[in-house]
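Everything on this sheet refers to the single structure shown next.
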Amino acid sequence: MSTANPTASTRRRVQGTAGLGRAAPLQPTRDQARANLPPAAILARYQPGKADPMKVLEVLLGLFNSLHTSLDKTVSHKTRQERADFLRRFFRDLKTKAGFKSLPDPRNLGERHIRAMVKIWQAEKLAPATIQTYLSFLRGLAMWLGKPGFIHKPADYGLSTEEYQRHEYAQRDKSWSGQGVDIDALVEQVCAYDRYVGASLRLIHAFGLRRKESVMIRPHRCVVPFEATGLSPDERRADHYLRIREGSKGGRLRFVALDNAAGLAALDYARAVAEGEDAHLGDPRHDLKRNLRRFDYVMEKFGITSSERGITAHGLRHEALIRRFGDETGGEAPPVRGGGPLPPDMDHAARQAVAEMAGHGRLRASSAYLGASPSRHTPGTTDEGVAAVSPQEATDATPSTA
């Protein structure tokens, strides 16, 4: 168990007893706030066998759920919510589905509990990728408890490689142009129907934004001069940059260069749509949740779905990142479009630029959009693999409601 002091943002309070049907609110306790105790000392107050297991789980979530399990950073609110929801459900299901008479304290979670739930997930015919994500969440719980090797590889639980393996690179081109779609024409149709959603699509196409980023961006306030970015002089691509933070995963800040006419036109359109100097791009009559639902509704209305046209709004993000790769390599196609081997230095620099534009911290996340370097490609993979450098990055490369 790590003894590093938790930050104020990760200390939460458990009020009352967390029953099987509900989760306790997470707020700082007076004792934790006053004593500023390390996690081990806080957990020591809850004796295994005596403390309510669900209450102990809430304490663990309050201490650690905002943190990445392997990197020194926080995770997005979506990841926090999904991980917390899963862990609460997991412990409830140990009793209601797996038949254990009593719930184990999270610190006493055993191999038999994990194997019992994996069998249930298989019996329920959950997708292999879903089970893989569940195991990743449990692996995170084990890390919080100082048990890094507790959760084994999927194969140790009877899952075959073909079932659980996620690949580190895109197997097909998910961009709109790759599917033969006339991007400008379709976006214009959306703009005519809903100018807010249309403006979001324009920004996604121009700058590779995520859906949530495109709705939360403030078009009149997001442009900063190069000098304000903190980038080094040799990284300079333009005099002005788009500052992207609201809606990003984990609140990670990034800057995207305003270095072409199409990007400037998309920004001008967004500014014309946004009502007010401090306005977000979403419809001001609605809150964020409703604006995101509206975005999804419009996508379905115009057939921008995998089932109807073979595309999603996220495919415009792929479009922008593939275009960036071409800009960095002098027009070369990435592997996902059949591009051949490139000089290692060129390939590395281009992938680094793509990862940074996408808002990823790791270079290999670019493979989720570009495909693997030819030297790294291995046979025997499926047609739907995407990057799995982490559960967060793996899901980010696929269409999402976040």
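Chain lettering (A, B, ...) mirrors the order of the structure tokens, residue numbering begins at 1 for each chain separately, and ligand numbering begins at 1 in order of display.
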
Problem - Nearby residues (only C-alpha atoms) at most 9 Å from Leu267 of chain A, same-chain spacing under 5 positions excluded, as a ChimeraX atom specification - result: /A:199,202-203,206,219-220,262,272

Near segment 82-105 of chain A, 12 Å: segment 139-207 of chain A residue rows, closest pairs, only C-alpha atoms, as CSV:
```
residue,atom,partner,partner_atom,distance
A:Arg139,CA,A:Arg83,CA,11.0
A:Gly140,CA,A:Arg83,CA,9.1
A:Leu141,CA,A:Leu87,CA,8.4
A:Ala142,CA,A:Leu87,CA,11.6
A:Leu145,CA,A:Asp105,CA,11.5
```

Using C-alpha atoms, can you write the selected residues to a file as a CSV table (one decimal), in the first residue's frame?
```csv
chain,number,residue,atom,x,y,z
A,139,ARG,CA,-6.3,-4.7,-11.5
A,140,GLY,CA,-6.6,-1.0,-10.6
A,141,LEU,CA,-8.2,-2.0,-7.3
A,142,ALA,CA,-5.4,-4.4,-6.6
A,145,LEU,CA,-4.2,-2.2,-2.2
```

Practice task
Report the residues of segment 91-265 of chain A whose backbone DSSP state falls under strand (DSSP E or B), written as a list in words.
Solution key: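 Of segment 91-265 of chain A, only Val223, Val224, Pro225, His240, Tyr241, Leu242, Arg243, Ile244, Arg254, Phe255, Val256 and Ala257 of chain A fall in strand (DSSP E or B).
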
Atoms kept (N, CA and C atoms) for selection, written as a PDB file, in the first residue's frame:
```pdb
ATOM      1  N   VAL A 223      -8.458  30.887 -28.430  1.00  0.00           N
ATOM      2  CA  VAL A 223      -7.263  31.153 -29.237  1.00  0.00           C
ATOM      3  C   VAL A 223      -6.238  31.923 -28.409  1.00  0.00           C
ATOM      4  N   VAL A 224      -4.998  31.423 -28.425  1.00  0.00           N
ATOM      5  CA  VAL A 224      -3.914  32.083 -27.689  1.00  0.00           C
ATOM      6  C   VAL A 224      -2.719  32.249 -28.620  1.00  0.00           C
ATOM      7  N   PRO A 225      -1.870  33.247 -28.369  1.00  0.00           N
ATOM      8  CA  PRO A 225      -0.658  33.394 -29.182  1.00  0.00           C
ATOM      9  C   PRO A 225       0.340  32.293 -28.857  1.00  0.00           C
ATOM     10  N   HIS A 240      -0.739  31.512 -33.847  1.00  0.00           N
ATOM     11  CA  HIS A 240      -1.820  31.349 -32.878  1.00  0.00           C
ATOM     12  C   HIS A 240      -2.231  29.877 -32.787  1.00  0.00           C
ATOM     13  N   TYR A 241      -2.718  29.511 -31.601  1.00  0.00           N
ATOM     14  CA  TYR A 241      -3.073  28.121 -31.320  1.00  0.00           C
ATOM     15  C   TYR A 241      -4.451  28.037 -30.668  1.00  0.00           C
ATOM     16  N   LEU A 242      -5.080  26.885 -30.879  1.00  0.00           N
ATOM     17  CA  LEU A 242      -6.327  26.571 -30.204  1.00  0.00           C
ATOM     18  C   LEU A 242      -5.978  25.944 -28.851  1.00  0.00           C
ATOM     19  N   ARG A 243      -6.521  26.508 -27.798  1.00  0.00           N
ATOM     20  CA  ARG A 243      -6.292  25.975 -26.451  1.00  0.00           C
ATOM     21  C   ARG A 243      -7.444  25.038 -26.111  1.00  0.00           C
ATOM     22  N   ILE A 244      -7.132  23.767 -25.839  1.00  0.00           N
ATOM     23  CA  ILE A 244      -8.165  22.758 -25.609  1.00  0.00           C
ATOM     24  C   ILE A 244      -7.969  22.144 -24.228  1.00  0.00           C
ATOM     25  N   ARG A 254      -3.955  20.837 -24.081  1.00  0.00           N
ATOM     26  CA  ARG A 254      -3.119  20.739 -25.276  1.00  0.00           C
ATOM     27  C   ARG A 254      -3.379  21.948 -26.160  1.00  0.00           C
ATOM     28  N   PHE A 255      -2.475  22.171 -27.092  1.00  0.00           N
ATOM     29  CA  PHE A 255      -2.588  23.284 -28.032  1.00  0.00           C
ATOM     30  C   PHE A 255      -2.478  22.737 -29.450  1.00  0.00           C
ATOM     31  N   VAL A 256      -3.378  23.179 -30.319  1.00  0.00           N
ATOM     32  CA  VAL A 256      -3.371  22.755 -31.724  1.00  0.00           C
ATOM     33  C   VAL A 256      -3.185  23.992 -32.589  1.00  0.00           C
ATOM     34  N   ALA A 257      -2.235  23.921 -33.507  1.00  0.00           N
ATOM     35  CA  ALA A 257      -1.874  25.087 -34.315  1.00  0.00           C
ATOM     36  C   ALA A 257      -2.998  25.512 -35.251  1.00  0.00           C
TER      37      ALA A 257
END
```

Practice task
Rounded to one decimal place, report the atom CA of Val187 of chain A-atom CA of Val298 of chain A distance in Å.
Solution key: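 Between atom CA of Val187 of chain A and atom CA of Val298 of chain A the gap works out to 11.2 Å.
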
Exercise for the section: Report the distance between atom CA of Lys212 of chain A and atom CA of Ile311 of chain A in Å, rounded to one decimal place. Expected result: 17.8 Å

Exercise for the section: Quick one: pull the distance between atom CA of Met357 of chain A and atom CA of Ala228 of chain A, Å, one decimal. Expected result: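 These atoms are spaced 17.1 Å apart.
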
Between segment 156-263 of chain A and segment 113-122 of chain A, at 9 Å or less, what are the per-residue closest atom pairs and their distances in Å? Count only C-alpha atoms, order by chain and rising residue number, and return it as a tab-separated table.
```
residue	atom	partner	partner_atom	distance
A:Tyr157	CA	A:Arg115	CA	6.5
A:Gly158	CA	A:Val118	CA	8.9
A:Leu159	CA	A:Gln122	CA	9.0
```

Exercise for the section: Please provide the set of residues having any atom within 12 Å of Tyr193 of chain A, restricted to only C-alpha atoms, with same-chain residues fewer than 5 positions apart removed, written as a VMD selection string. Expected result: chain A and resid 186 to 188 198 to 199 294 to 295 297 to 299 301 to 302

Resulting file, chosen residues, C-alpha atoms, as an mmCIF file, in the first residue's frame:
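New file result-v7.cif:
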```cif
data_model
loop_
_atom_site.group_PDB
_atom_site.id
_atom_site.type_symbol
_atom_site.label_atom_id
_atom_site.label_comp_id
_atom_site.auth_asym_id
_atom_site.auth_seq_id
_atom_site.Cartn_x
_atom_site.Cartn_y
_atom_site.Cartn_z
ATOM 1 C CA LEU A 186 -22.695 15.884 -45.344
ATOM 2 C CA VAL A 187 -21.442 18.444 -42.827
ATOM 3 C CA GLU A 188 -23.304 21.183 -44.707
ATOM 4 C CA GLY A 198 -22.690 21.323 -37.452
ATOM 5 C CA ALA A 199 -20.165 23.713 -35.923
ATOM 6 C CA ARG A 294 -28.719 16.289 -29.096
ATOM 7 C CA PHE A 295 -25.397 15.687 -30.830
ATOM 8 C CA TYR A 297 -29.580 12.381 -32.038
ATOM 9 C CA VAL A 298 -28.428 14.447 -35.008
ATOM 10 C CA MET A 299 -25.783 11.851 -35.863
ATOM 11 C CA LYS A 301 -30.824 11.341 -37.979
ATOM 12 C CA PHE A 302 -28.233 11.807 -40.730
#
```

Problem - Residue with smallest distance to Val273 of chain A - pool A:Glu213, A:Glu246, A:Asp259, A:Asp194, counting only C-alpha atoms - result: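 When distances to Val273 of chain A are compared using only C-alpha atoms, the smallest one comes from A:Asp194.
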
Practice task
Would you please work out which residue, of A:Ala40, A:Leu264, A:Asp347, A:Ser306, is nearest to Gly326 of chain A when using only C-alpha atoms?
Solution key: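 Residue with the minimum atom-to-atom distance to Gly326 of chain A: A:Asp347.
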
Handout entry: Given only C-alpha atoms as the counted atoms, nearest of A:Thr329, A:Arg351, A:Glu227, A:Arg211 to Ala365 of chain A
Key =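 Looking at the shortest contact to Ala365 of chain A, the residue is A:Arg351.
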
What lies within 10 Å of Thr130 of chain A using only C-alpha atoms, ignoring chain neighbours under 4 positions off, as a PDB file with N, CA and C atoms, in the first residue's frame?
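After the write, out_25.pdb holds the following:
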```pdb
ATOM      1  N   TRP A 121     -19.592 -13.814 -15.987  1.00  0.00           N
ATOM      2  CA  TRP A 121     -19.531 -12.933 -17.164  1.00  0.00           C
ATOM      3  C   TRP A 121     -19.530 -13.745 -18.453  1.00  0.00           C
ATOM      4  N   LEU A 126     -20.916 -11.891 -22.059  1.00  0.00           N
ATOM      5  CA  LEU A 126     -20.402 -10.534 -22.209  1.00  0.00           C
ATOM      6  C   LEU A 126     -19.305 -10.521 -23.261  1.00  0.00           C
ATOM      7  N   TYR A 134     -13.245  -5.047 -17.415  1.00  0.00           N
ATOM      8  CA  TYR A 134     -13.540  -5.368 -16.017  1.00  0.00           C
ATOM      9  C   TYR A 134     -12.277  -5.812 -15.285  1.00  0.00           C
ATOM     10  N   LEU A 135     -11.493  -6.653 -15.924  1.00  0.00           N
ATOM     11  CA  LEU A 135     -10.249  -7.104 -15.300  1.00  0.00           C
ATOM     12  C   LEU A 135      -9.285  -5.942 -15.102  1.00  0.00           C
ATOM     13  N   SER A 136      -9.299  -5.000 -16.025  1.00  0.00           N
ATOM     14  CA  SER A 136      -8.448  -3.816 -15.878  1.00  0.00           C
ATOM     15  C   SER A 136      -8.869  -2.997 -14.661  1.00  0.00           C
ATOM     16  N   TYR A 164      -9.776 -12.435 -25.894  1.00  0.00           N
ATOM     17  CA  TYR A 164      -9.518 -11.233 -25.108  1.00  0.00           C
ATOM     18  C   TYR A 164      -8.513 -10.274 -25.698  1.00  0.00           C
TER      19      TYR A 164
END
```

Practice task
Mind the document's chain letters and residue numbers, and return as an MDAnalysis selection string the residues of segment 233-371 of chain A that DSSP labels alpha helix (DSSP H).
Solution key: chainID A and resid 261:273 288:301 314:329 344:358 367:370
